[in-house]
$ cat work.txt   # compact mmCIF, C-alpha atoms and all ligand atoms
# COMPACT_ATOMS: atom_id res chain seq x y z
CA MET A 113 102.37 98.64 85.92
CA ALA A 114 105.36 100.25 84.30
CA ARG A 115 108.45 100.87 86.34
CA LEU A 116 109.98 104.35 86.16
CA GLU A 117 113.41 105.14 84.77
CA ILE A 118 114.90 107.75 87.08
CA GLN A 119 117.74 110.23 86.45
CA GLN A 120 119.36 112.25 89.22
CA ILE A 121 120.70 115.72 88.41
CA PRO A 122 122.88 117.44 91.04
CA VAL A 123 122.57 121.26 91.03
CA LEU A 124 123.46 124.26 93.21
CA ASN A 125 125.43 123.25 96.32
CA ASP A 126 123.61 120.08 97.29
CA ASN A 127 120.22 119.90 95.53
CA PHE A 128 118.96 116.99 93.45
CA ILE A 129 116.49 117.40 90.62
CA TYR A 130 114.96 114.16 89.29
CA LEU A 131 113.72 113.16 85.87
CA ALA A 132 111.34 110.19 85.84
CA ARG A 133 110.25 108.48 82.62
CA GLU A 134 107.48 105.96 82.21
CA PRO A 135 108.88 103.87 79.36
CA LYS A 136 105.69 102.61 77.70
CA SER A 137 104.06 106.00 77.16
CA GLY A 138 107.28 108.03 77.12
CA ALA A 139 105.77 110.44 79.67
CA VAL A 140 108.50 112.29 81.58
CA ALA A 141 108.21 114.25 84.81
CA VAL A 142 110.74 116.63 86.33
CA ILE A 143 110.55 116.62 90.09
CA ASP A 144 111.37 119.88 91.90
CA PRO A 145 113.38 121.77 89.26
CA ALA A 146 115.52 124.28 91.12
CA LEU A 147 116.87 125.37 87.74
CA ALA A 148 115.85 124.90 84.12
CA ALA A 149 119.07 124.67 82.09
CA PRO A 150 120.55 121.46 83.57
CA VAL A 151 117.17 119.75 83.25
CA LEU A 152 116.61 120.74 79.63
CA GLU A 153 120.18 119.74 78.80
CA ARG A 154 119.88 116.29 80.42
CA ALA A 155 116.49 115.64 78.79
CA ALA A 156 117.93 116.57 75.39
CA GLN A 157 120.91 114.25 75.90
CA LEU A 158 118.57 111.39 76.75
CA GLY A 159 116.05 112.21 74.02
CA TRP A 160 113.33 112.49 76.68
CA ARG A 161 110.41 114.89 76.12
CA ILE A 162 109.33 116.55 79.38
CA THR A 163 105.57 116.35 79.83
CA TYR A 164 105.14 117.24 83.51
CA ILE A 165 106.72 119.12 86.38
CA LEU A 166 105.91 117.71 89.83
CA ASN A 167 106.52 120.09 92.73
CA THR A 168 106.61 119.06 96.38
CA HIS A 169 106.67 122.55 97.92
CA HIS A 170 107.14 126.21 97.13
CA HIS A 171 110.79 126.88 98.01
CA ALA A 172 112.84 128.53 95.26
CA ASP A 173 115.31 125.64 95.10
CA HIS A 174 112.37 123.39 94.12
CA VAL A 175 110.33 125.58 91.76
CA GLY A 176 112.94 128.02 90.37
CA GLY A 177 113.00 126.31 86.96
CA ASN A 178 109.23 125.87 86.60
CA LEU A 179 108.37 128.72 84.25
CA GLU A 180 111.39 128.35 81.98
CA ILE A 181 110.86 124.58 81.60
CA LYS A 182 107.14 125.10 81.02
CA ALA A 183 107.86 127.72 78.33
CA ALA A 184 110.43 125.48 76.65
CA THR A 185 108.41 122.23 76.69
CA ASP A 186 104.74 123.20 77.13
CA CYS A 187 104.60 120.72 80.01
CA THR A 188 101.90 120.59 82.68
CA VAL A 189 102.82 121.75 86.20
CA VAL A 190 101.45 119.64 89.05
CA GLY A 191 101.80 120.81 92.64
CA PRO A 192 100.34 120.98 96.12
CA GLY A 193 96.71 122.05 96.25
CA HIS A 194 97.38 122.63 99.94
CA ASP A 195 99.51 125.62 98.84
CA PRO A 196 97.76 127.00 95.75
CA ASP A 197 99.33 130.47 95.59
CA ARG A 198 103.03 129.78 95.81
CA ILE A 199 103.78 127.37 92.95
CA PRO A 200 104.78 129.18 89.73
CA GLY A 201 102.76 128.08 86.70
CA MET A 202 100.74 125.41 88.51
CA ASP A 203 98.10 123.83 86.24
CA ILE A 204 96.92 120.87 88.33
CA GLN A 205 96.53 120.97 92.10
CA VAL A 206 96.76 117.66 93.90
CA LYS A 207 95.91 116.92 97.51
CA ASP A 208 96.28 114.17 100.05
CA GLY A 209 94.81 110.92 98.77
CA ASP A 210 94.76 112.02 95.13
CA SER A 211 96.62 110.01 92.55
CA PHE A 212 98.59 111.27 89.58
CA ASP A 213 99.28 109.16 86.49
CA LEU A 214 102.60 109.60 84.72
CA GLY A 215 101.64 107.53 81.71
CA GLY A 216 101.11 104.05 83.15
CA ALA A 217 102.83 104.84 86.46
CA ARG A 218 100.56 105.96 89.25
CA ALA A 219 101.68 108.18 92.14
CA GLU A 220 99.78 108.52 95.35
CA VAL A 221 99.88 112.03 96.82
CA LEU A 222 100.71 112.27 100.51
CA PHE A 223 100.22 115.53 102.45
CA VAL A 224 103.29 115.84 104.66
CA PRO A 225 103.31 119.32 106.25
CA GLY A 226 106.00 120.53 108.61
CA HIS A 227 108.86 121.87 106.51
CA THR A 228 106.25 124.06 104.79
CA ARG A 229 102.55 124.18 105.47
CA GLY A 230 101.62 122.79 102.03
CA HIS A 231 104.30 120.16 101.44
CA ILE A 232 103.33 116.98 99.57
CA ALA A 233 105.18 113.83 98.52
CA TYR A 234 104.66 111.61 95.47
CA TRP A 235 104.77 107.86 96.08
CA PHE A 236 105.08 105.70 92.97
CA LYS A 237 104.21 102.43 94.67
CA ASP A 238 104.92 100.09 91.74
CA SER A 239 108.35 101.64 91.22
CA ALA A 240 109.06 101.67 94.98
CA ALA A 241 109.97 105.35 94.57
CA LEU A 242 109.14 108.19 96.94
CA PHE A 243 109.80 111.81 95.95
CA CYS A 244 109.58 113.59 99.26
CA GLY A 245 111.26 116.96 98.68
CA ASP A 246 112.51 118.38 101.98
CA THR A 247 110.37 116.34 104.39
CA LEU A 248 112.58 113.28 104.86
CA PHE A 249 116.31 113.19 104.15
CA SER A 250 118.72 110.33 104.56
CA ILE A 251 119.41 110.30 108.34
CA GLY A 252 117.62 113.64 108.66
CA CYS A 253 114.48 115.64 108.04
CA GLY A 254 113.64 119.13 106.85
CA ARG A 255 113.71 122.17 109.07
CA LEU A 256 110.38 123.31 110.47
CA PHE A 257 109.96 126.59 108.63
CA GLU A 258 106.17 126.72 108.67
CA GLY A 259 104.89 123.72 110.62
CA THR A 260 104.94 122.39 114.17
CA PRO A 261 106.99 119.47 115.47
CA ARG A 262 103.77 117.54 115.97
CA GLN A 263 102.76 118.02 112.32
CA MET A 264 106.20 116.97 111.11
CA TRP A 265 106.27 113.91 113.35
CA ALA A 266 102.86 112.88 111.98
CA SER A 267 104.17 113.38 108.42
CA LEU A 268 107.25 111.28 109.13
CA GLU A 269 105.12 108.56 110.74
CA ARG A 270 103.18 108.33 107.49
CA LEU A 271 106.30 108.09 105.39
CA ARG A 272 107.95 105.47 107.56
CA ALA A 273 104.84 103.29 107.18
CA LEU A 274 105.65 102.87 103.47
CA PRO A 275 107.26 99.57 102.44
CA ALA A 276 110.84 98.99 103.59
CA GLU A 277 112.01 98.61 99.98
CA THR A 278 110.86 102.15 99.08
CA GLN A 279 113.68 104.22 97.58
CA ILE A 280 113.73 107.72 99.08
CA TYR A 281 114.48 110.32 96.43
CA CYS A 282 114.94 113.35 98.65
CA ALA A 283 116.03 116.74 97.34
CA HIS A 284 119.38 117.27 99.09
CA GLU A 285 122.72 115.54 99.67
CA TYR A 286 122.87 116.35 103.39
CA THR A 287 123.63 112.85 104.61
CA GLU A 288 127.18 113.27 105.95
CA SER A 289 126.31 116.23 108.17
CA ASN A 290 123.07 114.51 109.19
CA ILE A 291 125.10 111.49 110.28
CA ARG A 292 127.44 113.62 112.41
CA PHE A 293 124.39 114.93 114.29
CA ALA A 294 122.65 111.54 114.48
CA LEU A 295 125.70 109.93 116.09
CA SER A 296 125.59 112.65 118.78
CA VAL A 297 122.05 111.62 119.88
CA ASP A 298 122.03 107.89 119.02
CA PRO A 299 125.65 106.77 119.33
CA GLY A 300 124.89 103.15 120.22
CA ASN A 301 122.73 102.48 117.14
CA ALA A 302 124.44 99.75 115.09
CA ALA A 303 122.30 100.46 111.99
CA LEU A 304 123.38 104.10 112.13
CA GLN A 305 127.01 103.09 112.48
CA ARG A 306 126.68 100.83 109.43
CA ARG A 307 125.04 103.62 107.43
CA ALA A 308 127.81 106.03 108.51
CA ALA A 309 130.47 103.64 107.18
CA GLU A 310 128.53 103.07 103.95
CA VAL A 311 128.05 106.80 103.30
CA LYS A 312 131.69 107.53 104.07
CA SER A 313 132.81 105.09 101.38
CA LEU A 314 130.16 106.24 98.86
CA ARG A 315 131.17 109.88 99.25
CA ALA A 316 134.89 109.06 99.17
CA ALA A 317 134.23 107.37 95.82
CA GLY A 318 132.46 110.50 94.55
CA ARG A 319 129.03 108.83 94.64
CA TYR A 320 125.73 110.12 96.05
CA SER A 321 124.20 108.77 99.27
CA VAL A 322 120.71 109.33 97.81
CA PRO A 323 118.39 107.50 97.22
CA SER A 324 118.32 105.48 100.41
CA LEU A 325 115.98 102.71 101.51
CA MET A 326 113.06 103.27 103.87
CA GLY A 327 113.92 100.14 105.83
CA ASP A 328 117.43 101.45 106.49
CA GLU A 329 116.10 104.90 107.42
CA CYS A 330 113.60 103.44 109.90
CA ALA A 331 116.49 101.74 111.68
CA ALA A 332 119.07 104.53 111.53
CA ASN A 333 117.38 107.94 111.13
CA PRO A 334 116.82 109.53 114.58
CA PHE A 335 113.93 111.61 113.26
CA LEU A 336 112.03 108.40 112.48
CA ARG A 337 112.87 106.98 115.92
CA ALA A 338 111.29 109.52 118.27
CA ASP A 339 109.16 106.71 119.71
CA ALA A 340 112.15 104.41 120.33
CA PRO A 341 112.71 104.21 124.12
CA GLU A 342 116.50 104.28 123.77
CA LEU A 343 116.39 107.53 121.75
CA ALA A 344 114.01 109.19 124.23
CA ALA A 345 116.36 108.14 127.03
CA ALA A 346 119.39 109.49 125.16
CA VAL A 347 117.84 112.98 125.08
CA GLY A 348 116.68 112.76 128.70
CA MET A 349 113.00 112.24 127.83
CA LYS A 350 112.27 108.66 128.83
CA GLY A 351 108.53 107.94 128.66
CA CYS A 352 107.65 111.25 126.95
CA ASP A 353 105.26 111.77 124.05
CA PRO A 354 107.11 110.89 120.79
CA ALA A 355 106.09 114.23 119.26
CA GLU A 356 107.85 115.98 122.14
CA VAL A 357 110.92 113.76 121.76
CA PHE A 358 110.90 114.58 118.05
CA ALA A 359 110.69 118.31 118.87
CA GLU A 360 113.72 118.03 121.15
CA VAL A 361 115.79 116.09 118.60
CA ARG A 362 114.87 118.63 115.89
CA ARG A 363 115.74 121.52 118.24
CA ARG A 364 119.14 120.01 118.94
CA LYS A 365 119.80 119.58 115.21
CA ASP A 366 118.91 123.23 114.61
CA VAL A 367 121.72 124.34 116.92
CA PHE A 368 124.20 121.52 116.21
ZN ZN B 401 112.45 123.44 101.17
$ encode --input "work.txt" --output "structure tokens" --more "lines below"
Ligand SMILES: [Zn+2]
Amino acid sequence: MARLEIQQIPVLNDNFIYLAREPKSGAVAVIDPALAAPVLERAAQLGWRITYILNTHHHADHVGGNLEIKAATDCTVVGPGHDPDRIPGMDIQVKDGDSFDLGGARAEVLFVPGHTRGHIAYWFKDSAALFCGDTLFSIGCGRLFEGTPRQMWASLERLRALPAETQIYCAHEYTESNIRFALSVDPGNAALQRRAAEVKSLRAAGRYSVPSLMGDECAANPFLRADAPELAAAVGMKGCDPAEVFAEVRRRKDVF
């Protein structure tokens, strides 16, 4: 299977849009275009012809460029069939367990509700690439705008079960503020301390902290550790249901 070539485009305050190209067929997908102009400009510079838009969820900073890119390129818009009415220009609806072929690169669609009720992620297994929108961030997770803590915990449990070498292409550079919060609830976690030092030096050098590796996130991200006894104890919930521990950690982040 062909491995994707991936470009990362920073836009707005802290969003990332991704371009992914399958080199044998030349098929190119834009993932979560907040805006059109920076995407069209980057594709033109690279000589890449956009054939698809892949949306993870309906928020404006993920679909804002859909219609303009579609008009400019005649691409096909793929999005969550769990949320059929809120994706501008959607042509193909995909649901949990479906696959999507970007040329010779196959993505598995994972339904990961919580941030929104229809949120999906695209996992390109052979490229070890996960496009997860606003569900999982480096050392964080999305806010629960439309879902319950239990739904989000179940979604994160699915994502953390992916291979450790999976690169997490999330949609925001939130890592530094996520780390400040994470250290407040999990201060003794050596993996988190290592990640904090790594991100500090990356950001000081003007580099992104995204993508990150699933294996590192499983060890350091408190939102993936709601079933770790030491985290439950740190929030005063020793022995509690992990979904309830997750809810408490998320609540604390909301007011941090
Ligand atoms: Zn969002």
$ residues_near_ligand --input "work.txt" --ligand "ligand ZN 401 (chain B)" --cutoff "9 Å" --atoms "all atoms listed in the file" --output "list in words"
Thr168, His169, His170, His171, Ala172, Asp173, His174, His227, Thr228, His231, Gly245, Asp246, Thr247, Gly254, Arg255, Phe257 and Ala283 of chain A
$ atom_distance --input "work.txt" --atom1 "atom CA of His194 of chain A" --atom2 "atom CA of Val224 of chain A"
10.2 Å
$ closest_residue --input "work.txt" --among "A:Glu269, A:Asp186, A:Asp144, A:Asp328" --to "Ala355 of chain A" --atoms "only C-alpha atoms"
A:Glu269
$ closest_residue --input "work.txt" --among "A:Gly252, A:Gly138, A:Gly176, A:Gly259" --to "Gly159 of chain A" --atoms "all atoms listed in the file"
A:Gly138
$ closest_residue --input "work.txt" --among "A:Glu360, A:Glu153, A:Asp208, A:Asp195" --to "Ile181 of chain A" --atoms "only C-alpha atoms"
A:Glu153
$ closest_residue --input "work.txt" --among "A:Ala303, A:Ala273, A:Ile118, A:Val297" --to "Met326 of chain A" --atoms "only C-alpha atoms"
A:Ala273
$ closest_residue --input "work.txt" --among "A:Ala338, A:Ala219, A:Ala233, A:Leu158" --to "Pro192 of chain A" --atoms "all atoms listed in the file"
A:Ala233
$ residues_near_point --input "work.txt" --point "(126.0, 124.2, 94.5)" --cutoff "12 Å" --atoms "all atoms listed in the file" --output "list in words"
Ile121, Pro122, Val123, Leu124, Asn125, Asp126, Asn127, Phe128, Ala146, Leu147, Asp173, His284 and Glu285 of chain A
$ residues_around --input "work.txt" --residues "segment 321-325 of chain A" --least-positions-apart "3" --cutoff "6 Å" --atoms "all atoms listed in the file" --output "list of chain:residue names"
A:Glu277, A:Thr278, A:Gln279, A:Ile280, A:Tyr281, A:Val311, A:Asp328
$ atom_distance --input "work.txt" --atom1 "atom CA of Asp339 of chain A" --atom2 "atom CA of Pro354 of chain A"
4.8 Å
$ residues_around --input "work.txt" --residues "Gly327 of chain A" --least-positions-apart "3" --cutoff "7 Å" --atoms "only C-alpha atoms" --output "MDAnalysis selection string"
chainID A and resid 276:277 330:331
$ atom_distance --input "work.txt" --atom1 "atom CA of Lys237 of chain A" --atom2 "atom CA of Leu179 of chain A"
28.6 Å
$ residues_around --input "work.txt" --residues "Lys136 of chain A" --least-positions-apart "4" --cutoff "10 Å" --atoms "only C-alpha atoms" --output "PyMOL selection string"
chain A and resi 113-116+215-217
$ write_last_selection --input "work.txt" --atoms "C-alpha atoms" --output "mmCIF file, in the coordinates of the input"
data_model
loop_
_atom_site.group_PDB
_atom_site.id
_atom_site.type_symbol
_atom_site.label_atom_id
_atom_site.label_comp_id
_atom_site.auth_asym_id
_atom_site.auth_seq_id
_atom_site.Cartn_x
_atom_site.Cartn_y
_atom_site.Cartn_z
ATOM 1 C CA MET A 113 102.370 98.640 85.920
ATOM 2 C CA ALA A 114 105.360 100.250 84.300
ATOM 3 C CA ARG A 115 108.450 100.870 86.340
ATOM 4 C CA LEU A 116 109.980 104.350 86.160
ATOM 5 C CA GLY A 215 101.640 107.530 81.710
ATOM 6 C CA GLY A 216 101.110 104.050 83.150
ATOM 7 C CA ALA A 217 102.830 104.840 86.460
#
$ closest_residue --input "work.txt" --among "A:Ala183, A:Ala240, A:Met264, A:Ile291" --to "Glu310 of chain A" --atoms "all atoms listed in the file"
A:Ile291
$ axis_aligned_box --input "work.txt" --around "segment 320-333 of chain A" --padding-each-side "3 Å" --output "lines of an AutoDock Vina configuration file"
center_x = 119.4
center_y = 105.1
center_z = 103.9
size_x = 18.7
size_y = 16.0
size_z = 21.6
$ residues_around --input "work.txt" --residues "Phe293 of chain A" --least-positions-apart "3" --cutoff "7 Å" --atoms "only C-alpha atoms" --output "CSV table (one decimal) with C-alpha atoms, in the coordinates of the input"
chain,number,residue,atom,x,y,z
A,289,SER,CA,126.3,116.2,108.2
A,290,ASN,CA,123.1,114.5,109.2
A,296,SER,CA,125.6,112.6,118.8
A,297,VAL,CA,122.0,111.6,119.9
A,365,LYS,CA,119.8,119.6,115.2
A,368,PHE,CA,124.2,121.5,116.2
$ residues_around --input "work.txt" --residues "Asp353 of chain A" --least-positions-apart "5" --cutoff "12 Å" --atoms "all atoms listed in the file" --output "list of chain:residue names"
A:Pro261, A:Arg262, A:Trp265, A:Ala338, A:Asp339, A:Ala340, A:Pro341, A:Ala344, A:Phe358, A:Ala359, A:Glu360
$ write_last_selection --input "work.txt" --atoms "C-alpha atoms" --output "PDB file, in the frame of the given file"
ATOM      1  CA  PRO A 261     106.990 119.470 115.470  1.00  0.00           C
ATOM      2  CA  ARG A 262     103.770 117.540 115.970  1.00  0.00           C
ATOM      3  CA  TRP A 265     106.270 113.910 113.350  1.00  0.00           C
ATOM      4  CA  ALA A 338     111.290 109.520 118.270  1.00  0.00           C
ATOM      5  CA  ASP A 339     109.160 106.710 119.710  1.00  0.00           C
ATOM      6  CA  ALA A 340     112.150 104.410 120.330  1.00  0.00           C
ATOM      7  CA  PRO A 341     112.710 104.210 124.120  1.00  0.00           C
ATOM      8  CA  ALA A 344     114.010 109.190 124.230  1.00  0.00           C
ATOM      9  CA  PHE A 358     110.900 114.580 118.050  1.00  0.00           C
ATOM     10  CA  ALA A 359     110.690 118.310 118.870  1.00  0.00           C
ATOM     11  CA  GLU A 360     113.720 118.030 121.150  1.00  0.00           C
TER      12      GLU A 360
END
